[in-house]
Amino acid sequence: MRRAPGRPVRGHASSIGARCGELTGTAAGPSVPLGILSVRLGSAPGEPSGILSVRIGSPREGPYRGAMVVTPLIVMVAYDGIELVDVASVTSGFDYANRLGASPAYEVRLVTPLGRPVRCDSGLELRGQGRIDEVDGPIDTLVVSGGQGHEAAAANPRLVGQVMRLAGLSRRVASVCTGATVLAAAGLLDNRRATTHWYEAARLAASFPKVRVDPAPIFVRDGEVSTSGGVTASLDLTLSFIEEDHGPEIARRVAMGMVTYLQRPGGQTQLSLFTNLPRSDQALVRRVIDHVILHLDGDLGVARLAALAGVSERHLNRLFAEHVGKSPSRLVRDMRLEVASLLLSRTAEPLAAIARRCGFTSTETFRQAFVAWAGVPPSKFRAAGR
């Protein structure tokens, strides 16, 4: 079947279009639902003109499993002031999946506002593969990059308008790091939970009050729209897409190929407590924190810590609120759980042993606290890193 090159097939949702509804009528019977049909006529770089690309799949079975899919298109939007790692983590992740046998293979395309090279934060120039306004659907995944130019990009009505247009042609939409600002400007994050680079979270929340900003997670998936945290968190989001499309084994092999030791759940925090904890000038507070780090398996109740410090519980709580920004009990819980997450990902110790080492009274107490902290049980967290 041949058509004029580069001309998309359009039509009503009951027939053929850029994104069609449920279809019926195959050998299985005239009323058996087939799922989603998407059609794109080949005009991409390196693709022979006039080749018809078709995706037929059941939304109940996932996008690719048990379905015939040709050329899922990944479109990454870049602009002046992007962070190069944001782009590379996403594009390299999908490329690794292709090299490891992802079927159907992804087609990854980087587009820029004018089709010209864009300047990265580092000063390097990155050449795109086309203009954003020349892209047509269907698109499997639309990804907007982040970088120091994110505010200028969000203030560009033409760019924001094109992102809105492409989002309507996409199965799923995502942003990397501060690319969430562009999605928010397009109204795509209204009334959704979203994350961004932790440093920019407060500004995003203030600028777009309809967005429910959560600065902690590595990534957030709210329906068909996803947002990732700072920079390399985009790789974790990409791995989750690959797992959704092709299963956990190929996602694990991609993670190994890119030498990322752990495919982290989205609920894990962006920053390590031990690297992000402020080093207080208050000697008493420093002494208590050092004691906590060295005695995670001991009695670290507020009464015990106050006695060690020689102050009242009330005074200790006041000092921690002023110098640390959290209560002593909250600090102890967070430290215990972060160490537990490292033991889960880097050792084969049984859960009961990890619970004891980290000061939990039982495996069930540990499990409940870990689920509240990471969003997944310890066993699932460990399996994700294997």
# chains A, B, ... in the order shown; residues from 1 in each chain; ligands from 1
call {"tool": "residues_around", "arguments": {"residues": "Ser228 of chain A", "least_positions_apart": "5", "cutoff": "7 Å", "atoms": "only C-alpha atoms", "output": "NGL selection string"}}
result
:A and (175-177 or 195-196 or 218-220 or 233-234 or 237)
call {"tool": "closest_residue", "arguments": {"among": "A:Arg109, A:His291, A:Arg314, A:His150", "to": "Glu134 of chain A", "atoms": "only C-alpha atoms"}}
result
A:Arg109
call {"tool": "select_by_dssp", "arguments": {"residues": "segment 117-178 of chain A", "states": "helix (DSSP H, G or I)", "output": "list in words"}}
result
Ile132, Asp133, Glu134, His150, Glu151, Ala152, Ala153, Ala154, Pro157, Arg158, Leu159, Val160, Gly161, Gln162, Val163, Met164, Arg165, Leu166, Ala167, Cys177 and Thr178 of chain A
call {"tool": "write_last_selection", "arguments": {"atoms": "C-alpha atoms", "output": "short mmCIF file (atom, residue, chain, number, x, y, z; two decimals), in the first residue's frame"}}
result
data_model
loop_
_atom_site.label_atom_id
_atom_site.label_comp_id
_atom_site.auth_asym_id
_atom_site.auth_seq_id
_atom_site.Cartn_x
_atom_site.Cartn_y
_atom_site.Cartn_z
CA ILE A 132 9.00 20.93 15.93
CA ASP A 133 6.21 22.35 13.76
CA GLU A 134 6.92 19.77 11.05
CA HIS A 150 13.45 26.27 30.61
CA GLU A 151 11.88 29.57 31.65
CA ALA A 152 12.60 31.24 28.31
CA ALA A 153 11.18 28.17 26.56
CA ALA A 154 8.03 28.29 28.71
CA PRO A 157 4.15 30.97 22.93
CA ARG A 158 5.04 29.26 19.63
CA LEU A 159 7.06 26.56 21.34
CA VAL A 160 4.44 26.04 24.04
CA GLY A 161 1.71 25.88 21.40
CA GLN A 162 3.62 23.21 19.48
CA VAL A 163 4.11 21.17 22.66
CA MET A 164 0.35 21.36 23.25
CA ARG A 165 -0.31 20.23 19.68
CA LEU A 166 2.10 17.31 19.86
CA ALA A 167 0.76 16.23 23.26
CA CYS A 177 14.01 17.88 35.04
CA THR A 178 12.96 21.53 34.56
#
call {"tool": "residues_around", "arguments": {"residues": "Ser122 of chain A", "least_positions_apart": "4", "cutoff": "12 Å", "atoms": "only C-alpha atoms", "output": "ChimeraX atom specification"}}
result
/A:80-85,118,126,147-149
call {"tool": "atom_distance", "arguments": {"atom1": "atom CA of Thr232 of chain A", "atom2": "atom CA of Trp198 of chain A"}}
result
12.6 Å
call {"tool": "atom_distance", "arguments": {"atom1": "atom CA of Ser329 of chain A", "atom2": "atom CA of Trp373 of chain A"}}
result
14.2 Å
call {"tool": "select_by_dssp", "arguments": {"residues": "segment 111-344 of chain A", "states": "strand (DSSP E)", "output": "number ranges by chain"}}
result
A: 111, 118-119, 125-126, 139-144, 170-175, 193-194, 212-213, 219-222, 225-228
call {"tool": "closest_atom_pairs", "arguments": {"of": "segment 297-331 of chain A", "to": "segment 359-363 of chain A", "cutoff": "9 Å", "atoms": "only C-alpha atoms", "output": "JSON lines"}}
result
{"residue": "A:Asp297", "atom": "CA", "partner": "A:Gly359", "partner_atom": "CA", "distance": 3.8}
{"residue": "A:Gly298", "atom": "CA", "partner": "A:Gly359", "partner_atom": "CA", "distance": 6.1}
{"residue": "A:Asp299", "atom": "CA", "partner": "A:Gly359", "partner_atom": "CA", "distance": 7.8}
{"residue": "A:Leu300", "atom": "CA", "partner": "A:Gly359", "partner_atom": "CA", "distance": 8.5}
call {"tool": "residues_around", "arguments": {"residues": "Leu351 of chain A", "least_positions_apart": "5", "cutoff": "12 Å", "atoms": "only C-alpha atoms", "output": "PyMOL selection string"}}
result
chain A and resi 340-341+343-345+356-358+360+362-367+370+377-382
call {"tool": "write_last_selection", "arguments": {"atoms": "N, CA, C and O atoms", "output": "PDB file, in the first residue's frame"}}
result
ATOM      1  N   ALA A 340      18.843   1.322  54.970  1.00  0.00           N
ATOM      2  CA  ALA A 340      18.165   0.080  54.604  1.00  0.00           C
ATOM      3  C   ALA A 340      18.056  -0.050  53.091  1.00  0.00           C
ATOM      4  O   ALA A 340      18.250  -1.141  52.530  1.00  0.00           O
ATOM      5  N   SER A 341      17.773   1.056  52.387  1.00  0.00           N
ATOM      6  CA  SER A 341      17.658   0.993  50.927  1.00  0.00           C
ATOM      7  C   SER A 341      18.994   0.629  50.289  1.00  0.00           C
ATOM      8  O   SER A 341      19.040  -0.106  49.298  1.00  0.00           O
ATOM      9  N   LEU A 343      21.364  -1.213  51.753  1.00  0.00           N
ATOM     10  CA  LEU A 343      21.590  -2.635  52.039  1.00  0.00           C
ATOM     11  C   LEU A 343      20.727  -3.520  51.132  1.00  0.00           C
ATOM     12  O   LEU A 343      21.175  -4.590  50.684  1.00  0.00           O
ATOM     13  N   LEU A 344      19.517  -3.088  50.844  1.00  0.00           N
ATOM     14  CA  LEU A 344      18.642  -3.853  49.957  1.00  0.00           C
ATOM     15  C   LEU A 344      19.219  -3.942  48.552  1.00  0.00           C
ATOM     16  O   LEU A 344      19.142  -4.983  47.896  1.00  0.00           O
ATOM     17  N   SER A 345      19.783  -2.851  48.067  1.00  0.00           N
ATOM     18  CA  SER A 345      20.252  -2.808  46.686  1.00  0.00           C
ATOM     19  C   SER A 345      21.654  -3.375  46.508  1.00  0.00           C
ATOM     20  O   SER A 345      22.013  -3.811  45.421  1.00  0.00           O
ATOM     21  N   ARG A 356      16.922  -5.420  61.670  1.00  0.00           N
ATOM     22  CA  ARG A 356      17.640  -5.348  62.943  1.00  0.00           C
ATOM     23  C   ARG A 356      18.788  -4.344  62.868  1.00  0.00           C
ATOM     24  O   ARG A 356      18.967  -3.536  63.784  1.00  0.00           O
ATOM     25  N   ARG A 357      19.570  -4.388  61.796  1.00  0.00           N
ATOM     26  CA  ARG A 357      20.723  -3.496  61.649  1.00  0.00           C
ATOM     27  C   ARG A 357      20.308  -2.028  61.627  1.00  0.00           C
ATOM     28  O   ARG A 357      21.067  -1.153  62.028  1.00  0.00           O
ATOM     29  N   CYS A 358      19.111  -1.794  61.147  1.00  0.00           N
ATOM     30  CA  CYS A 358      18.638  -0.407  61.017  1.00  0.00           C
ATOM     31  C   CYS A 358      17.705   0.014  62.146  1.00  0.00           C
ATOM     32  O   CYS A 358      17.064   1.078  62.064  1.00  0.00           O
ATOM     33  N   PHE A 360      14.880  -1.420  63.516  1.00  0.00           N
ATOM     34  CA  PHE A 360      13.439  -1.675  63.525  1.00  0.00           C
ATOM     35  C   PHE A 360      13.148  -2.879  64.415  1.00  0.00           C
ATOM     36  O   PHE A 360      13.899  -3.866  64.422  1.00  0.00           O
ATOM     37  N   SER A 362      10.804  -5.097  64.248  1.00  0.00           N
ATOM     38  CA  SER A 362      10.366  -6.318  63.566  1.00  0.00           C
ATOM     39  C   SER A 362      10.419  -6.099  62.061  1.00  0.00           C
ATOM     40  O   SER A 362      10.482  -4.952  61.583  1.00  0.00           O
ATOM     41  N   THR A 363      10.360  -7.194  61.319  1.00  0.00           N
ATOM     42  CA  THR A 363      10.353  -7.097  59.854  1.00  0.00           C
ATOM     43  C   THR A 363       9.099  -6.384  59.360  1.00  0.00           C
ATOM     44  O   THR A 363       9.152  -5.605  58.405  1.00  0.00           O
ATOM     45  N   GLU A 364       7.977  -6.622  60.033  1.00  0.00           N
ATOM     46  CA  GLU A 364       6.725  -5.986  59.602  1.00  0.00           C
ATOM     47  C   GLU A 364       6.765  -4.476  59.859  1.00  0.00           C
ATOM     48  O   GLU A 364       6.293  -3.688  59.028  1.00  0.00           O
ATOM     49  N   THR A 365       7.323  -4.067  60.992  1.00  0.00           N
ATOM     50  CA  THR A 365       7.471  -2.629  61.258  1.00  0.00           C
ATOM     51  C   THR A 365       8.353  -1.982  60.199  1.00  0.00           C
ATOM     52  O   THR A 365       8.070  -0.881  59.712  1.00  0.00           O
ATOM     53  N   PHE A 366       9.450  -2.671  59.854  1.00  0.00           N
ATOM     54  CA  PHE A 366      10.343  -2.191  58.802  1.00  0.00           C
ATOM     55  C   PHE A 366       9.609  -2.091  57.471  1.00  0.00           C
ATOM     56  O   PHE A 366       9.715  -1.096  56.754  1.00  0.00           O
ATOM     57  N   ARG A 367       8.845  -3.108  57.128  1.00  0.00           N
ATOM     58  CA  ARG A 367       8.126  -3.117  55.848  1.00  0.00           C
ATOM     59  C   ARG A 367       7.146  -1.948  55.753  1.00  0.00           C
ATOM     60  O   ARG A 367       7.093  -1.247  54.744  1.00  0.00           O
ATOM     61  N   PHE A 370       9.018   1.325  55.369  1.00  0.00           N
ATOM     62  CA  PHE A 370       9.668   1.432  54.059  1.00  0.00           C
ATOM     63  C   PHE A 370       8.649   1.764  52.972  1.00  0.00           C
ATOM     64  O   PHE A 370       8.916   2.578  52.086  1.00  0.00           O
ATOM     65  N   PRO A 377       7.215  -1.960  48.693  1.00  0.00           N
ATOM     66  CA  PRO A 377       7.749  -2.811  49.757  1.00  0.00           C
ATOM     67  C   PRO A 377       9.245  -3.054  49.566  1.00  0.00           C
ATOM     68  O   PRO A 377       9.761  -2.942  48.449  1.00  0.00           O
ATOM     69  N   PRO A 378       9.962  -3.403  50.630  1.00  0.00           N
ATOM     70  CA  PRO A 378      11.402  -3.676  50.502  1.00  0.00           C
ATOM     71  C   PRO A 378      11.720  -4.750  49.469  1.00  0.00           C
ATOM     72  O   PRO A 378      12.705  -4.628  48.728  1.00  0.00           O
ATOM     73  N   SER A 379      10.911  -5.794  49.398  1.00  0.00           N
ATOM     74  CA  SER A 379      11.185  -6.876  48.446  1.00  0.00           C
ATOM     75  C   SER A 379      11.103  -6.398  47.009  1.00  0.00           C
ATOM     76  O   SER A 379      11.925  -6.766  46.162  1.00  0.00           O
ATOM     77  N   LYS A 380      10.127  -5.543  46.712  1.00  0.00           N
ATOM     78  CA  LYS A 380       9.989  -5.022  45.353  1.00  0.00           C
ATOM     79  C   LYS A 380      11.111  -4.042  45.039  1.00  0.00           C
ATOM     80  O   LYS A 380      11.641  -4.007  43.916  1.00  0.00           O
ATOM     81  N   PHE A 381      11.498  -3.233  46.013  1.00  0.00           N
ATOM     82  CA  PHE A 381      12.614  -2.307  45.838  1.00  0.00           C
ATOM     83  C   PHE A 381      13.877  -3.085  45.498  1.00  0.00           C
ATOM     84  O   PHE A 381      14.624  -2.707  44.587  1.00  0.00           O
ATOM     85  N   ARG A 382      14.114  -4.163  46.227  1.00  0.00           N
ATOM     86  CA  ARG A 382      15.309  -4.979  45.957  1.00  0.00           C
ATOM     87  C   ARG A 382      15.249  -5.623  44.586  1.00  0.00           C
ATOM     88  O   ARG A 382      16.227  -5.625  43.836  1.00  0.00           O
TER      89      ARG A 382
END
call {"tool": "residues_around", "arguments": {"residues": "Ala174 of chain A", "least_positions_apart": "5", "cutoff": "9 Å", "atoms": "only C-alpha atoms", "output": "ChimeraX atom specification"}}
result
/A:141-145,179-180,183,221,224-228,237
call {"tool": "write_last_selection", "arguments": {"atoms": "all heavy atoms", "output": "mmCIF file, in the first residue's frame"}}
result
data_model
loop_
_atom_site.group_PDB
_atom_site.id
_atom_site.type_symbol
_atom_site.label_atom_id
_atom_site.label_comp_id
_atom_site.auth_asym_id
_atom_site.auth_seq_id
_atom_site.Cartn_x
_atom_site.Cartn_y
_atom_site.Cartn_z
ATOM 1 N N THR A 141 5.773 8.635 22.417
ATOM 2 C CA THR A 141 6.151 9.346 23.633
ATOM 3 C C THR A 141 6.747 10.706 23.272
ATOM 4 O O THR A 141 7.699 10.777 22.503
ATOM 5 C CB THR A 141 7.188 8.542 24.450
ATOM 6 O OG1 THR A 141 6.697 7.209 24.662
ATOM 7 C CG2 THR A 141 7.447 9.201 25.799
ATOM 8 N N LEU A 142 6.187 11.749 23.846
ATOM 9 C CA LEU A 142 6.713 13.109 23.694
ATOM 10 C C LEU A 142 7.463 13.465 24.965
ATOM 11 O O LEU A 142 6.917 13.357 26.065
ATOM 12 C CB LEU A 142 5.563 14.092 23.468
ATOM 13 C CG LEU A 142 5.931 15.583 23.424
ATOM 14 C CD1 LEU A 142 6.747 15.896 22.183
ATOM 15 C CD2 LEU A 142 4.671 16.442 23.479
ATOM 16 N N VAL A 143 8.722 13.876 24.825
ATOM 17 C CA VAL A 143 9.554 14.212 25.984
ATOM 18 C C VAL A 143 10.100 15.625 25.812
ATOM 19 O O VAL A 143 10.707 15.935 24.789
ATOM 20 C CB VAL A 143 10.732 13.230 26.150
ATOM 21 C CG1 VAL A 143 11.498 13.530 27.435
ATOM 22 C CG2 VAL A 143 10.256 11.787 26.133
ATOM 23 N N VAL A 144 9.902 16.470 26.814
ATOM 24 C CA VAL A 144 10.435 17.836 26.797
ATOM 25 C C VAL A 144 11.636 17.901 27.732
ATOM 26 O O VAL A 144 11.531 17.568 28.918
ATOM 27 C CB VAL A 144 9.369 18.858 27.226
ATOM 28 C CG1 VAL A 144 9.966 20.268 27.236
ATOM 29 C CG2 VAL A 144 8.167 18.803 26.293
ATOM 30 N N SER A 145 12.764 18.329 27.195
ATOM 31 C CA SER A 145 13.995 18.383 27.978
ATOM 32 C C SER A 145 13.986 19.557 28.944
ATOM 33 O O SER A 145 13.212 20.506 28.807
ATOM 34 C CB SER A 145 15.204 18.498 27.046
ATOM 35 O OG SER A 145 16.406 18.559 27.787
ATOM 36 N N GLY A 179 12.108 20.649 32.449
ATOM 37 C CA GLY A 179 11.177 20.636 31.322
ATOM 38 C C GLY A 179 9.733 20.660 31.797
ATOM 39 O O GLY A 179 8.828 20.994 31.023
ATOM 40 N N ALA A 180 9.512 20.346 33.075
ATOM 41 C CA ALA A 180 8.159 20.413 33.641
ATOM 42 C C ALA A 180 7.591 21.825 33.538
ATOM 43 O O ALA A 180 6.373 22.005 33.455
ATOM 44 C CB ALA A 180 8.184 19.965 35.102
ATOM 45 N N LEU A 183 5.802 22.013 30.232
ATOM 46 C CA LEU A 183 4.526 21.296 30.284
ATOM 47 C C LEU A 183 3.503 22.082 31.091
ATOM 48 O O LEU A 183 2.323 22.140 30.728
ATOM 49 C CB LEU A 183 4.716 19.906 30.901
ATOM 50 C CG LEU A 183 5.528 18.879 30.130
ATOM 51 C CD1 LEU A 183 5.377 17.495 30.784
ATOM 52 C CD2 LEU A 183 5.117 18.803 28.673
ATOM 53 N N ARG A 221 4.377 9.606 37.754
ATOM 54 C CA ARG A 221 3.536 9.288 36.609
ATOM 55 C C ARG A 221 2.078 9.497 37.027
ATOM 56 O O ARG A 221 1.579 8.811 37.900
ATOM 57 C CB ARG A 221 3.782 7.854 36.132
ATOM 58 C CG ARG A 221 5.235 7.625 35.710
ATOM 59 C CD ARG A 221 5.451 6.271 35.063
ATOM 60 N NE ARG A 221 4.739 6.178 33.805
ATOM 61 C CZ ARG A 221 4.827 5.146 32.966
ATOM 62 N NH1 ARG A 221 5.602 4.117 33.275
ATOM 63 N NH2 ARG A 221 4.156 5.124 31.844
ATOM 64 N N GLU A 224 -1.352 9.670 31.784
ATOM 65 C CA GLU A 224 -0.482 9.586 30.613
ATOM 66 C C GLU A 224 0.625 10.634 30.633
ATOM 67 O O GLU A 224 1.426 10.723 29.689
ATOM 68 C CB GLU A 224 -1.309 9.737 29.329
ATOM 69 C CG GLU A 224 -1.845 11.134 29.066
ATOM 70 C CD GLU A 224 -3.139 11.438 29.801
ATOM 71 O OE1 GLU A 224 -3.528 10.653 30.697
ATOM 72 O OE2 GLU A 224 -3.764 12.474 29.477
ATOM 73 N N VAL A 225 0.696 11.448 31.697
ATOM 74 C CA VAL A 225 1.705 12.495 31.792
ATOM 75 C C VAL A 225 2.691 12.160 32.911
ATOM 76 O O VAL A 225 2.284 11.865 34.038
ATOM 77 C CB VAL A 225 1.063 13.872 32.057
ATOM 78 C CG1 VAL A 225 2.137 14.949 32.165
ATOM 79 C CG2 VAL A 225 0.079 14.224 30.937
ATOM 80 N N SER A 226 3.991 12.208 32.586
ATOM 81 C CA SER A 226 5.031 11.875 33.556
ATOM 82 C C SER A 226 6.019 13.026 33.656
ATOM 83 O O SER A 226 6.287 13.727 32.673
ATOM 84 C CB SER A 226 5.787 10.606 33.134
ATOM 85 O OG SER A 226 4.906 9.517 32.989
ATOM 86 N N THR A 227 6.583 13.197 34.838
ATOM 87 C CA THR A 227 7.620 14.196 35.064
ATOM 88 C C THR A 227 8.733 13.558 35.866
ATOM 89 O O THR A 227 8.479 12.735 36.743
ATOM 90 C CB THR A 227 7.068 15.417 35.830
ATOM 91 O OG1 THR A 227 6.352 14.961 36.994
ATOM 92 C CG2 THR A 227 6.116 16.225 34.958
ATOM 93 N N SER A 228 9.979 13.941 35.564
ATOM 94 C CA SER A 228 11.100 13.375 36.311
ATOM 95 C C SER A 228 11.819 14.468 37.078
ATOM 96 O O SER A 228 11.703 15.652 36.768
ATOM 97 C CB SER A 228 12.087 12.667 35.375
ATOM 98 O OG SER A 228 12.971 13.592 34.766
ATOM 99 N N LEU A 237 13.112 7.308 34.684
ATOM 100 C CA LEU A 237 11.820 7.398 34.014
ATOM 101 C C LEU A 237 11.850 6.653 32.689
ATOM 102 O O LEU A 237 10.915 5.923 32.347
ATOM 103 C CB LEU A 237 11.449 8.868 33.781
ATOM 104 C CG LEU A 237 10.134 9.120 33.047
ATOM 105 C CD1 LEU A 237 8.947 8.506 33.792
ATOM 106 C CD2 LEU A 237 9.916 10.618 32.839
#
call {"tool": "atom_distance", "arguments": {"atom1": "atom CA of His197 of chain A", "atom2": "atom CA of Gly375 of chain A"}}
result
19.4 Å
call {"tool": "residues_around", "arguments": {"residues": "Glu313 of chain A", "least_positions_apart": "3", "cutoff": "8 Å", "atoms": "only C-alpha atoms", "output": "list of chain:residue names"}}
result
A:Val302, A:Ala303, A:Ala306, A:Leu316, A:Asn317
call {"tool": "write_last_selection", "arguments": {"atoms": "N, CA, C and O atoms", "output": "CSV table (one decimal), in the first residue's frame"}}
result
chain,number,residue,atom,x,y,z
A,302,VAL,N,13.7,10.1,71.3
A,302,VAL,CA,14.0,11.5,71.6
A,302,VAL,C,14.5,11.6,73.1
A,302,VAL,O,15.4,12.4,73.4
A,303,ALA,N,13.9,10.9,73.9
A,303,ALA,CA,14.3,10.9,75.4
A,303,ALA,C,15.7,10.5,75.5
A,303,ALA,O,16.5,11.2,76.3
A,306,ALA,N,18.1,13.2,74.0
A,306,ALA,CA,18.1,14.4,74.8
A,306,ALA,C,19.0,14.2,76.0
A,306,ALA,O,19.7,15.1,76.5
A,316,LEU,N,15.8,20.0,72.6
A,316,LEU,CA,16.4,19.2,71.5
A,316,LEU,C,15.5,19.4,70.3
A,316,LEU,O,16.0,19.6,69.2
A,317,ASN,N,14.2,19.2,70.4
A,317,ASN,CA,13.3,19.4,69.3
A,317,ASN,C,13.4,20.8,68.7
A,317,ASN,O,13.4,21.0,67.4
